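File shown: model21.cif. Contents: mmCIF, C-alpha atoms (C1' of nucleotides).
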data_query
loop_
_atom_site.label_atom_id
_atom_site.label_comp_id
_atom_site.auth_asym_id
_atom_site.auth_seq_id
_atom_site.Cartn_x
_atom_site.Cartn_y
_atom_site.Cartn_z
CA MET A 1 11.90 -13.59 17.91
CA GLN A 2 14.04 -16.64 18.50
CA ASN A 3 13.61 -20.11 17.12
CA LYS A 4 11.48 -22.37 19.22
CA ASP A 5 12.65 -25.11 16.93
CA ASP A 6 16.03 -25.85 15.46
CA PHE A 7 14.87 -26.00 11.85
CA ASP A 8 16.29 -23.09 9.88
CA LEU A 9 13.47 -22.06 7.58
CA GLN A 10 15.40 -19.10 6.22
CA SER A 11 18.05 -21.48 4.89
CA PHE A 12 15.73 -24.10 3.43
CA LEU A 13 16.62 -24.07 -0.24
CA PRO A 14 13.12 -24.22 -1.77
CA PHE A 15 12.05 -21.36 0.49
CA LEU A 16 15.20 -19.35 -0.04
CA LEU A 17 15.13 -19.83 -3.79
CA ASN A 18 11.54 -18.66 -3.94
CA GLN A 19 12.29 -15.58 -1.90
CA ALA A 20 15.28 -14.73 -4.05
CA ALA A 21 13.38 -15.42 -7.27
CA GLU A 22 10.49 -13.22 -6.26
CA GLU A 23 12.67 -10.39 -5.05
CA SER A 24 14.90 -10.46 -8.10
CA SER A 25 11.94 -10.50 -10.48
CA LEU A 26 10.26 -7.47 -8.98
CA ALA A 27 12.23 -4.63 -10.49
CA PHE A 28 12.23 -6.17 -13.94
CA GLN A 29 8.52 -6.91 -13.70
CA ARG A 30 7.79 -3.28 -13.04
CA VAL A 31 9.47 -2.41 -16.34
CA TYR A 32 7.73 -4.86 -18.68
CA LYS A 33 4.43 -4.37 -16.92
CA GLY A 34 4.63 -0.63 -16.70
CA ARG A 35 6.08 0.01 -20.14
CA TYR A 36 4.20 -2.60 -22.18
CA GLY A 37 1.45 -4.00 -19.94
CA MET A 38 3.04 -7.41 -20.27
CA LEU A 39 2.77 -10.37 -17.92
CA ARG A 40 5.51 -12.70 -16.78
CA ASN A 41 4.60 -15.40 -19.29
CA GLU A 42 4.56 -12.89 -22.07
CA TRP A 43 8.05 -11.54 -21.60
CA ARG A 44 9.26 -15.09 -21.33
CA VAL A 45 7.81 -16.08 -24.67
CA LEU A 46 8.97 -12.82 -26.20
CA PHE A 47 12.50 -13.41 -24.95
CA HIS A 48 12.64 -16.95 -26.21
CA LEU A 49 11.73 -15.76 -29.66
CA GLY A 50 14.08 -12.81 -29.46
CA VAL A 51 16.99 -14.92 -28.35
CA TYR A 52 16.52 -18.10 -30.35
CA GLY A 53 14.62 -16.85 -33.37
CA GLN A 54 11.50 -18.60 -34.50
CA MET A 55 10.30 -21.51 -32.41
CA THR A 56 7.15 -23.55 -31.88
CA ALA A 57 5.17 -23.43 -28.64
CA LYS A 58 6.42 -26.88 -27.87
CA GLU A 59 10.05 -25.86 -28.16
CA ILE A 60 9.43 -22.93 -25.86
CA ALA A 61 7.82 -25.28 -23.37
CA GLU A 62 10.84 -27.57 -23.39
CA ARG A 63 13.26 -24.76 -22.80
CA SER A 64 11.31 -22.77 -20.26
CA LYS A 65 9.34 -25.51 -18.52
CA MET A 66 6.27 -23.30 -18.82
CA HIS A 67 3.01 -25.23 -19.15
CA LYS A 68 1.57 -25.33 -22.65
CA THR A 69 -1.62 -23.52 -21.66
CA LYS A 70 0.39 -20.62 -20.29
CA ILE A 71 2.31 -20.46 -23.53
CA SER A 72 -0.85 -20.71 -25.60
CA ARG A 73 -2.42 -17.79 -23.83
CA ALA A 74 0.75 -15.70 -23.80
CA VAL A 75 1.11 -16.28 -27.54
CA GLN A 76 -2.48 -15.22 -28.10
CA ARG A 77 -1.95 -11.94 -26.30
CA LEU A 78 1.35 -11.25 -28.03
CA ALA A 79 -0.27 -11.98 -31.38
CA GLU A 80 -3.16 -9.62 -30.59
CA ARG A 81 -0.66 -6.87 -29.96
CA ARG A 82 1.13 -7.73 -33.20
CA TYR A 83 4.36 -8.60 -31.43
CA LEU A 84 4.53 -11.96 -33.16
CA THR A 85 3.14 -13.88 -36.11
CA ARG A 86 2.09 -17.51 -36.25
CA THR A 87 2.43 -19.59 -39.38
CA ARG A 88 1.52 -23.24 -39.69
CA ASP A 89 4.42 -25.55 -40.21
CA GLY A 90 4.29 -27.13 -43.67
CA ARG A 91 5.75 -30.45 -42.57
CA ASP A 92 3.62 -30.86 -39.46
CA ARG A 93 0.48 -28.85 -39.69
CA ARG A 94 -0.37 -29.33 -36.03
CA SER A 95 2.33 -26.95 -34.91
CA GLU A 96 3.03 -23.37 -35.83
CA ARG A 97 6.23 -21.44 -36.10
CA LEU A 98 6.20 -18.31 -34.01
CA ALA A 99 8.31 -15.31 -34.92
CA LEU A 100 8.59 -11.74 -33.70
CA THR A 101 7.35 -8.93 -35.88
CA PRO A 102 9.48 -5.80 -36.20
CA ALA A 103 7.36 -4.30 -33.42
CA GLY A 104 8.03 -7.35 -31.26
CA GLU A 105 11.74 -7.18 -32.02
CA SER A 106 11.82 -3.60 -30.94
CA VAL A 107 10.08 -4.33 -27.66
CA TYR A 108 12.46 -7.21 -27.18
CA ARG A 109 15.54 -5.09 -27.75
CA ASP A 110 14.32 -2.50 -25.29
CA LEU A 111 13.58 -5.07 -22.58
CA ARG A 112 16.77 -6.98 -23.29
CA SER A 113 18.86 -3.94 -22.53
CA VAL A 114 16.95 -3.42 -19.29
CA ALA A 115 17.50 -7.08 -18.46
CA GLU A 116 21.21 -6.90 -19.16
CA GLU A 117 21.65 -3.89 -16.99
CA TYR A 118 19.55 -5.33 -14.20
CA ASP A 119 21.38 -8.63 -14.29
CA SER A 120 24.74 -6.98 -13.91
CA HIS A 121 23.33 -4.83 -11.16
CA LEU A 122 22.35 -7.99 -9.30
CA ALA A 123 25.66 -9.69 -10.01
CA ARG A 124 27.64 -6.70 -8.85
CA GLN A 125 27.06 -7.80 -5.27
CA PHE A 126 29.43 -10.70 -5.79
CA THR A 127 32.92 -11.33 -7.02
CA ARG A 128 33.38 -12.67 -10.54
CA GLY A 129 34.11 -16.12 -9.19
CA GLU A 130 31.12 -16.15 -6.89
CA GLU A 131 28.89 -14.97 -9.67
CA ALA A 132 29.98 -17.72 -12.05
CA LEU A 133 29.58 -20.30 -9.31
CA LEU A 134 26.13 -19.00 -8.48
CA ARG A 135 24.90 -19.33 -12.04
CA MET A 136 26.40 -22.77 -12.31
CA MET A 137 24.73 -23.94 -9.11
CA LEU A 138 21.39 -22.49 -10.12
CA ARG A 139 21.56 -24.18 -13.49
CA ARG A 140 22.24 -27.42 -11.71
CA LEU A 141 19.32 -26.93 -9.34
CA ALA A 142 17.07 -26.02 -12.23
CA GLY A 143 17.94 -29.23 -13.98
CA MET A 144 19.51 -27.21 -16.78
CA GLY A 145 23.06 -28.11 -15.86
CA MET B 1 18.99 -24.54 -31.57
CA GLN B 2 21.61 -21.84 -31.47
CA ASN B 3 21.27 -18.30 -30.29
CA LYS B 4 20.29 -15.85 -32.95
CA ASP B 5 21.08 -13.20 -30.38
CA ASP B 6 23.91 -12.89 -27.94
CA PHE B 7 21.73 -12.46 -24.88
CA ASP B 8 22.01 -15.49 -22.62
CA LEU B 9 18.51 -16.05 -21.32
CA GLN B 10 19.49 -19.21 -19.49
CA SER B 11 21.90 -17.19 -17.39
CA PHE B 12 19.66 -14.22 -16.67
CA LEU B 13 19.35 -14.28 -12.91
CA PRO B 14 15.61 -13.60 -12.52
CA PHE B 15 14.90 -16.33 -15.06
CA LEU B 16 17.42 -18.75 -13.63
CA LEU B 17 16.26 -18.17 -10.08
CA ASN B 18 12.68 -18.83 -11.08
CA GLN B 19 13.57 -22.02 -12.86
CA ALA B 20 15.62 -23.24 -9.91
CA ALA B 21 12.94 -22.22 -7.43
CA GLU B 22 10.22 -24.02 -9.31
CA GLU B 23 12.24 -27.13 -9.90
CA SER B 24 13.43 -27.32 -6.31
CA SER B 25 9.93 -26.83 -4.97
CA LEU B 26 8.39 -29.62 -6.98
CA ALA B 27 9.32 -32.68 -4.99
CA PHE B 28 8.47 -31.07 -1.67
CA GLN B 29 5.20 -29.77 -3.06
CA ARG B 30 4.17 -33.27 -4.01
CA VAL B 31 4.55 -34.30 -0.38
CA TYR B 32 2.57 -31.56 1.36
CA LYS B 33 -0.03 -31.58 -1.36
CA GLY B 34 -0.35 -35.33 -1.61
CA ARG B 35 -0.17 -36.10 2.08
CA TYR B 36 -2.16 -33.19 3.49
CA GLY B 37 -3.81 -31.43 0.55
CA MET B 38 -1.93 -28.28 1.48
CA LEU B 39 -1.00 -25.35 -0.74
CA ARG B 40 2.29 -23.48 -0.86
CA ASN B 41 1.03 -20.65 1.31
CA GLU B 42 -0.26 -23.08 3.86
CA TRP B 43 2.97 -24.95 4.47
CA ARG B 44 4.71 -21.62 4.72
CA VAL B 45 2.41 -20.40 7.46
CA LEU B 46 2.55 -23.78 9.17
CA PHE B 47 6.34 -23.74 9.11
CA HIS B 48 6.58 -20.24 10.48
CA LEU B 49 4.45 -21.25 13.43
CA GLY B 50 6.31 -24.53 13.86
CA VAL B 51 9.69 -22.87 13.79
CA TYR B 52 9.05 -19.63 15.65
CA GLY B 53 6.15 -20.56 17.90
CA GLN B 54 3.11 -18.35 18.07
CA MET B 55 3.06 -15.30 15.82
CA THR B 56 0.58 -12.83 14.40
CA ALA B 57 -0.25 -12.70 10.69
CA LYS B 58 1.65 -9.47 10.49
CA GLU B 59 4.81 -11.02 11.90
CA ILE B 60 4.55 -13.85 9.40
CA ALA B 61 4.18 -11.30 6.61
CA GLU B 62 7.32 -9.49 7.69
CA ARG B 63 9.38 -12.64 7.78
CA SER B 64 8.08 -14.34 4.67
CA LYS B 65 7.19 -11.35 2.49
CA MET B 66 3.90 -13.07 1.75
CA HIS B 67 1.04 -10.67 1.08
CA LYS B 68 -1.41 -10.32 3.93
CA THR B 69 -4.33 -11.66 1.89
CA LYS B 70 -2.42 -14.85 1.17
CA ILE B 71 -1.72 -15.25 4.84
CA SER B 72 -5.30 -14.49 5.77
CA ARG B 73 -6.55 -17.21 3.43
CA ALA B 74 -3.93 -19.75 4.43
CA VAL B 75 -4.74 -19.15 8.09
CA GLN B 76 -8.45 -19.66 7.42
CA ARG B 77 -7.83 -23.02 5.78
CA LEU B 78 -5.41 -24.17 8.43
CA ALA B 79 -7.90 -23.16 11.12
CA GLU B 80 -10.70 -25.08 9.40
CA ARG B 81 -8.55 -28.18 9.47
CA ARG B 82 -7.76 -27.55 13.13
CA TYR B 83 -4.06 -27.19 12.52
CA LEU B 84 -3.95 -23.88 14.33
CA THR B 85 -5.89 -21.73 16.78
CA ARG B 86 -6.42 -18.01 16.71
CA THR B 87 -6.80 -15.95 19.86
CA ARG B 88 -7.25 -12.20 19.99
CA ASP B 89 -4.40 -10.36 21.54
CA GLY B 90 -5.46 -8.74 24.82
CA ARG B 91 -3.29 -5.66 24.40
CA ASP B 92 -4.20 -5.00 20.77
CA ARG B 93 -7.50 -6.55 19.86
CA ARG B 94 -7.03 -5.99 16.14
CA SER B 95 -4.44 -8.73 15.88
CA GLU B 96 -4.57 -12.35 16.84
CA ARG B 97 -1.95 -14.74 18.05
CA LEU B 98 -1.75 -17.84 15.92
CA ALA B 99 -0.48 -21.11 17.34
CA LEU B 100 -0.35 -24.69 16.12
CA THR B 101 -2.63 -27.27 17.69
CA PRO B 102 -1.17 -30.68 18.55
CA ALA B 103 -2.49 -31.89 15.19
CA GLY B 104 -0.75 -28.99 13.47
CA GLU B 105 2.47 -29.70 15.35
CA SER B 106 2.38 -33.26 14.23
CA VAL B 107 1.90 -32.32 10.58
CA TYR B 108 4.69 -29.82 10.98
CA ARG B 109 7.08 -32.38 12.42
CA ASP B 110 6.33 -34.76 9.60
CA LEU B 111 6.88 -32.17 6.90
CA ARG B 112 9.91 -30.75 8.64
CA SER B 113 11.67 -34.07 8.47
CA VAL B 114 10.83 -34.35 4.78
CA ALA B 115 12.13 -30.82 4.28
CA GLU B 116 15.37 -31.54 6.10
CA GLU B 117 16.04 -34.61 4.11
CA TYR B 118 15.15 -32.94 0.84
CA ASP B 119 17.30 -29.94 1.58
CA SER B 120 20.34 -32.06 2.22
CA HIS B 121 19.57 -34.03 -0.89
CA LEU B 122 19.67 -30.81 -2.88
CA ALA B 123 22.79 -29.59 -1.13
CA ARG B 124 24.59 -32.86 -1.70
CA GLN B 125 25.30 -31.77 -5.26
CA PHE B 126 27.77 -29.21 -3.95
CA THR B 127 30.75 -29.06 -1.68
CA ARG B 128 30.30 -27.71 1.84
CA GLY B 129 31.90 -24.46 0.86
CA GLU B 130 29.81 -24.05 -2.26
CA GLU B 131 26.66 -24.83 -0.33
CA ALA B 132 27.37 -22.22 2.31
CA LEU B 133 28.20 -19.67 -0.34
CA LEU B 134 25.01 -20.47 -2.23
CA ARG B 135 22.79 -19.89 0.78
CA MET B 136 24.61 -16.70 1.58
CA MET B 137 24.22 -15.36 -1.95
CA LEU B 138 20.54 -16.30 -2.07
CA ARG B 139 19.91 -14.58 1.23
CA ARG B 140 21.56 -11.50 -0.17
CA LEU B 141 19.49 -11.64 -3.36
CA ALA B 142 16.34 -12.16 -1.33
CA GLY B 143 17.07 -9.07 0.69
CA MET B 144 17.39 -11.21 3.79
CA GLY B 145 21.10 -10.91 4.11
"C1'" DC C 1 -14.13 13.09 24.02
"C1'" DC C 2 -14.06 14.04 19.00
"C1'" DT C 3 -11.77 14.27 14.66
"C1'" DT C 4 -8.23 12.49 11.69
"C1'" DG C 5 -4.99 9.09 10.60
"C1'" DT C 6 -2.97 4.49 11.01
"C1'" DT C 7 -2.88 -0.43 11.53
"C1'" DA C 8 -4.53 -5.70 11.60
"C1'" DG C 9 -7.00 -8.38 9.13
"C1'" DT C 10 -11.03 -9.62 5.89
"C1'" DT C 11 -13.73 -9.58 1.77
"C1'" DA C 12 -15.36 -8.65 -3.08
"C1'" DC C 13 -14.44 -8.68 -7.68
"C1'" DA C 14 -11.44 -9.12 -11.54
"C1'" DA C 15 -7.36 -11.45 -13.44
"C1'" DA C 16 -4.66 -15.48 -13.93
"C1'" DA C 17 -3.33 -20.38 -13.04
"C1'" DT C 18 -4.64 -25.20 -13.12
"C1'" DC C 19 -6.46 -29.44 -14.86
"C1'" DA C 20 -9.06 -31.99 -17.79
"C1'" DA C 21 -11.43 -32.44 -21.92
"C1'" DC C 22 -11.38 -31.27 -26.64
"C1'" DT C 23 -9.91 -30.66 -32.00
"C1'" DA C 24 -6.94 -31.51 -35.57
"C1'" DT C 25 -3.14 -33.72 -37.34
"C1'" DT C 26 0.45 -37.24 -37.61
"C1'" DA C 27 2.57 -41.85 -36.47
"C1'" DC C 28 2.37 -46.65 -35.82
"C1'" DC C 29 1.26 -51.16 -37.12
"C1'" DC C 30 -1.70 -55.13 -38.36
"C1'" DG D 1 -5.37 -48.79 -46.34
"C1'" DG D 2 -7.92 -48.72 -41.62
"C1'" DG D 3 -7.85 -48.59 -36.87
"C1'" DT D 4 -5.55 -47.06 -32.68
"C1'" DA D 5 -2.51 -44.32 -30.28
"C1'" DA D 6 0.28 -40.20 -29.76
"C1'" DT D 7 1.12 -35.17 -30.38
"C1'" DA D 8 0.45 -29.76 -30.94
"C1'" DG D 9 -2.25 -26.69 -29.43
"C1'" DT D 10 -6.86 -24.70 -27.65
"C1'" DT D 11 -10.82 -24.20 -24.66
"C1'" DG D 12 -13.77 -24.45 -20.52
"C1'" DA D 13 -14.69 -25.20 -15.67
"C1'" DT D 14 -12.75 -24.61 -11.22
"C1'" DT D 15 -9.33 -22.77 -8.04
"C1'" DT D 16 -6.19 -19.38 -6.67
"C1'" DT D 17 -4.28 -14.88 -6.76
"C1'" DG D 18 -4.12 -9.72 -6.87
"C1'" DT D 19 -5.96 -5.17 -6.08
"C1'" DA D 20 -8.68 -2.28 -3.80
"C1'" DA D 21 -12.14 -1.32 -0.78
"C1'" DC D 22 -13.75 -2.41 3.61
"C1'" DT D 23 -14.35 -3.18 9.07
"C1'" DA D 24 -12.71 -2.80 13.52
"C1'" DA D 25 -9.47 -1.28 16.76
"C1'" DC D 26 -5.99 1.87 18.24
"C1'" DA D 27 -3.33 6.54 18.46
"C1'" DA D 28 -2.54 11.36 18.71
"C1'" DG D 29 -3.86 16.18 18.84
"C1'" DG D 30 -6.99 19.58 19.76
#
Take the structure in the file and give it back as structure tokens.
Amino acid sequence: MQNKDDFDLQSFLPFLLNQAAEESSLAFQRVYKGRYGMLRNEWRVLFHLGVYGQMTAKEIAERSKMHKTKISRAVQRLAERRYLTRTRDGRDRRSERLALTPAGESVYRDLRSVAEEYDSHLARQFTRGEEALLRMMLRRLAGMG
Amino acid sequence: MQNKDDFDLQSFLPFLLNQAAEESSLAFQRVYKGRYGMLRNEWRVLFHLGVYGQMTAKEIAERSKMHKTKISRAVQRLAERRYLTRTRDGRDRRSERLALTPAGESVYRDLRSVAEEYDSHLARQFTRGEEALLRMMLRRLAGMG
DNA sequence: CCTTGTTAGTTACAAAATCAACTATTACCC
DNA sequence: GGGTAATAGTTGATTTTGTAACTAACAAGG
């Protein structure tokens, strides 16, 4: 089917980025969902804690741009499964410090190794230079650059 | 806050792509939502029809990788607002040909010009060469390349 | 034709996202 | 201090999505 119009939808960055994001998330999603029954927001919270150590929900929100209600509910589910503990901050008792339990750490380490392998699988399609440029451009587009 | 771990979450492609996709969709979303009360799936269907002319839901699904239930619901809403018409295909009466009405065309043209401008705004952060490379890599990651 | 299988699209019900209102605590400032 | 505003996080009502089951039309083989 040829274009009736000259607009190139398949090159429109918001569209293209969404397609690429969805496609690239799929294989990893199957792992955390299948192995641990986790949702997208849950692995994100888990990874933030695994990577950065203990954080508050607010700090996770700033880094991930997830909405606070998503974080709140993801934290609840992770706490139910004993993947993390919540302890009120002494200085500011509104917030709580979240930290992975040993069980959470172990899930994190398993998923991290899957993530590392999958990431290099994705990157293998490009040259080293292209790959570095891609990450740089994405960080810029994400407002993280 | 420094990494406790050596895994670089902010460079993990599925994460980075999602962040970039969400961020880059925001400004455009405000327009189609604010001006026409449309949802993401609706502008996608509208754009497919605007760009490619009349299509069936199935053809849209193949091109956009949207699930058929999303398309079905987006089509319903667009039909209610008289942005498109649905006519049963004579040869295969299971499927219907979707086509924009004049009102739909006019909404499409308006949003298309916003999209064009926004896309070049996003691309302006990069050199021509980088931009072309970016789109190529995204198409590859999206399985469209 | 009649059974079996496939395909286009819709719908029902459960799960998840969104948005606004809410609680509890801290900060500001007169 | 005492009042007002801001902040961290939760909850509830509504909307949207996801999964699976469903209808209707076609297809192919006997």
### Task
Using only C-alpha atoms (C1' of nucleotides), pick whichever of B:Lys70, B:Arg135, B:Glu22, B:Thr127 has the shortest atom-to-atom distance to DT10 in chain C.
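Of B:Lys70, B:Arg135, B:Glu22, B:Thr127, the one nearest DT10 in chain C, counting only C-alpha atoms (C1' of nucleotides), is B:Lys70.
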### Query
For the file shown, what are the residues hit by the PyMOL selection byres ((chain A) within 12 of (chain C)), laid out as a PyMOL selection string?
chain A and resi 39-41+66-71+73-74+88-95
Determine, using only C-alpha atoms, which residues of chain B have any atom at most 6 Å from an atom of chain A, and tabulate each with its shortest atom pair and distance in Å to one decimal place, rows ordered by chain and then rising number, as a Markdown table.
| residue | atom | partner | partner_atom | distance |
| --- | --- | --- | --- | --- |
| B:Asn3 | CA | A:Tyr52 | CA | 4.8 |
| B:Lys4 | CA | A:Tyr52 | CA | 5.1 |
| B:Asp5 | CA | A:Val51 | CA | 4.9 |
| B:Pro14 | CA | A:Ser25 | CA | 5.2 |
| B:Leu17 | CA | A:Ala21 | CA | 4.9 |
| B:Asn18 | CA | A:Ala21 | CA | 5.2 |
| B:Gln19 | CA | A:Ala142 | CA | 5.4 |
| B:Ala20 | CA | A:Ala142 | CA | 3.9 |
| B:Ala21 | CA | A:Leu17 | CA | 4.9 |
| B:Glu23 | CA | A:Ala142 | CA | 5.5 |
| B:Ser24 | CA | A:Pro14 | CA | 5.5 |
| B:Ser25 | CA | A:Pro14 | CA | 5.2 |
| B:Val51 | CA | A:Asp5 | CA | 4.9 |
| B:Tyr52 | CA | A:Asn3 | CA | 4.8 |
| B:Gly53 | CA | A:Lys4 | CA | 5.8 |
| B:Leu138 | CA | A:Ala20 | CA | 5.8 |
| B:Leu141 | CA | A:Ala20 | CA | 5.3 |
| B:Ala142 | CA | A:Ala20 | CA | 3.9 |
File dump, residues just selected, C-alpha atoms, as a short mmCIF file (atom, residue, chain, number, x, y, z; two decimals), in the coordinates of the input:
data_model
loop_
_atom_site.label_atom_id
_atom_site.label_comp_id
_atom_site.auth_asym_id
_atom_site.auth_seq_id
_atom_site.Cartn_x
_atom_site.Cartn_y
_atom_site.Cartn_z
CA ASN B 3 21.27 -18.30 -30.29
CA LYS B 4 20.29 -15.85 -32.95
CA ASP B 5 21.08 -13.20 -30.38
CA PRO B 14 15.61 -13.60 -12.52
CA LEU B 17 16.26 -18.17 -10.08
CA ASN B 18 12.68 -18.83 -11.08
CA GLN B 19 13.57 -22.02 -12.86
CA ALA B 20 15.62 -23.24 -9.91
CA ALA B 21 12.94 -22.22 -7.43
CA GLU B 23 12.24 -27.13 -9.90
CA SER B 24 13.43 -27.32 -6.31
CA SER B 25 9.93 -26.83 -4.97
CA VAL B 51 9.69 -22.87 13.79
CA TYR B 52 9.05 -19.63 15.65
CA GLY B 53 6.15 -20.56 17.90
CA LEU B 138 20.54 -16.30 -2.07
CA LEU B 141 19.49 -11.64 -3.36
CA ALA B 142 16.34 -12.16 -1.33
#
### Query
What is the distance, in Å and to one decimal place, between CA of Gly104 in chain A and CA of Arg82 in chain A?
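Going from CA of Gly104 in chain A over to CA of Arg82 in chain A, I get 7.2 Å.
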#### Entry: Distance query 12 Å from (8.8, -5.8, -31.7) using all atoms listed in the file, result as an NGL selection string
:A and (36 or 43 or 46-47 or 49-50 or 78-79 or 81-85 or 99-112)
Could you dump the residues just selected with C-alpha atoms as a CSV table (one decimal), in the frame of the given file?
chain,number,residue,atom,x,y,z
A,36,TYR,CA,4.2,-2.6,-22.2
A,43,TRP,CA,8.0,-11.5,-21.6
A,46,LEU,CA,9.0,-12.8,-26.2
A,47,PHE,CA,12.5,-13.4,-25.0
A,49,LEU,CA,11.7,-15.8,-29.7
A,50,GLY,CA,14.1,-12.8,-29.5
A,78,LEU,CA,1.4,-11.2,-28.0
A,79,ALA,CA,-0.3,-12.0,-31.4
A,81,ARG,CA,-0.7,-6.9,-30.0
A,82,ARG,CA,1.1,-7.7,-33.2
A,83,TYR,CA,4.4,-8.6,-31.4
A,84,LEU,CA,4.5,-12.0,-33.2
A,85,THR,CA,3.1,-13.9,-36.1
A,99,ALA,CA,8.3,-15.3,-34.9
A,100,LEU,CA,8.6,-11.7,-33.7
A,101,THR,CA,7.4,-8.9,-35.9
A,102,PRO,CA,9.5,-5.8,-36.2
A,103,ALA,CA,7.4,-4.3,-33.4
A,104,GLY,CA,8.0,-7.4,-31.3
A,105,GLU,CA,11.7,-7.2,-32.0
A,106,SER,CA,11.8,-3.6,-30.9
A,107,VAL,CA,10.1,-4.3,-27.7
A,108,TYR,CA,12.5,-7.2,-27.2
A,109,ARG,CA,15.5,-5.1,-27.8
A,110,ASP,CA,14.3,-2.5,-25.3
A,111,LEU,CA,13.6,-5.1,-22.6
A,112,ARG,CA,16.8,-7.0,-23.3
Wanna dump the chain D-chain A contacts at 12 Å for me, each residue with its shortest atom pair and the distance in Å to one decimal, counting only C-alpha atoms (C1' of nucleotides), ordered by chain and number, as JSON lines?
{"residue": "D:DT7", "atom": "C1'", "partner": "A:Arg94", "partner_atom": "CA", "distance": 8.3}
{"residue": "D:DA8", "atom": "C1'", "partner": "A:Arg94", "partner_atom": "CA", "distance": 5.2}
{"residue": "D:DG9", "atom": "C1'", "partner": "A:Ser95", "partner_atom": "CA", "distance": 7.1}
{"residue": "D:DT10", "atom": "C1'", "partner": "A:Ser72", "partner_atom": "CA", "distance": 7.5}
{"residue": "D:DT11", "atom": "C1'", "partner": "A:Thr69", "partner_atom": "CA", "distance": 9.7}
### Task
Measure the distance from CA of Lys33 in chain B to C1' of DT17 in chain D in Å and round it to one decimal.
18.1 Å
### Message
Please determine, counting all atoms listed in the file, which residue among B:Arg124, B:Ile60, B:Val114, B:Leu98 has the shortest atom-to-atom distance to Tyr32 in chain B.
### Response
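Going through B:Arg124, B:Ile60, B:Val114, B:Leu98 one by one, the smallest distance to Tyr32 in chain B is for B:Val114.
The space between C1' of DC22 in chain D and CA of Glu80 in chain B spans 23.6 Å.
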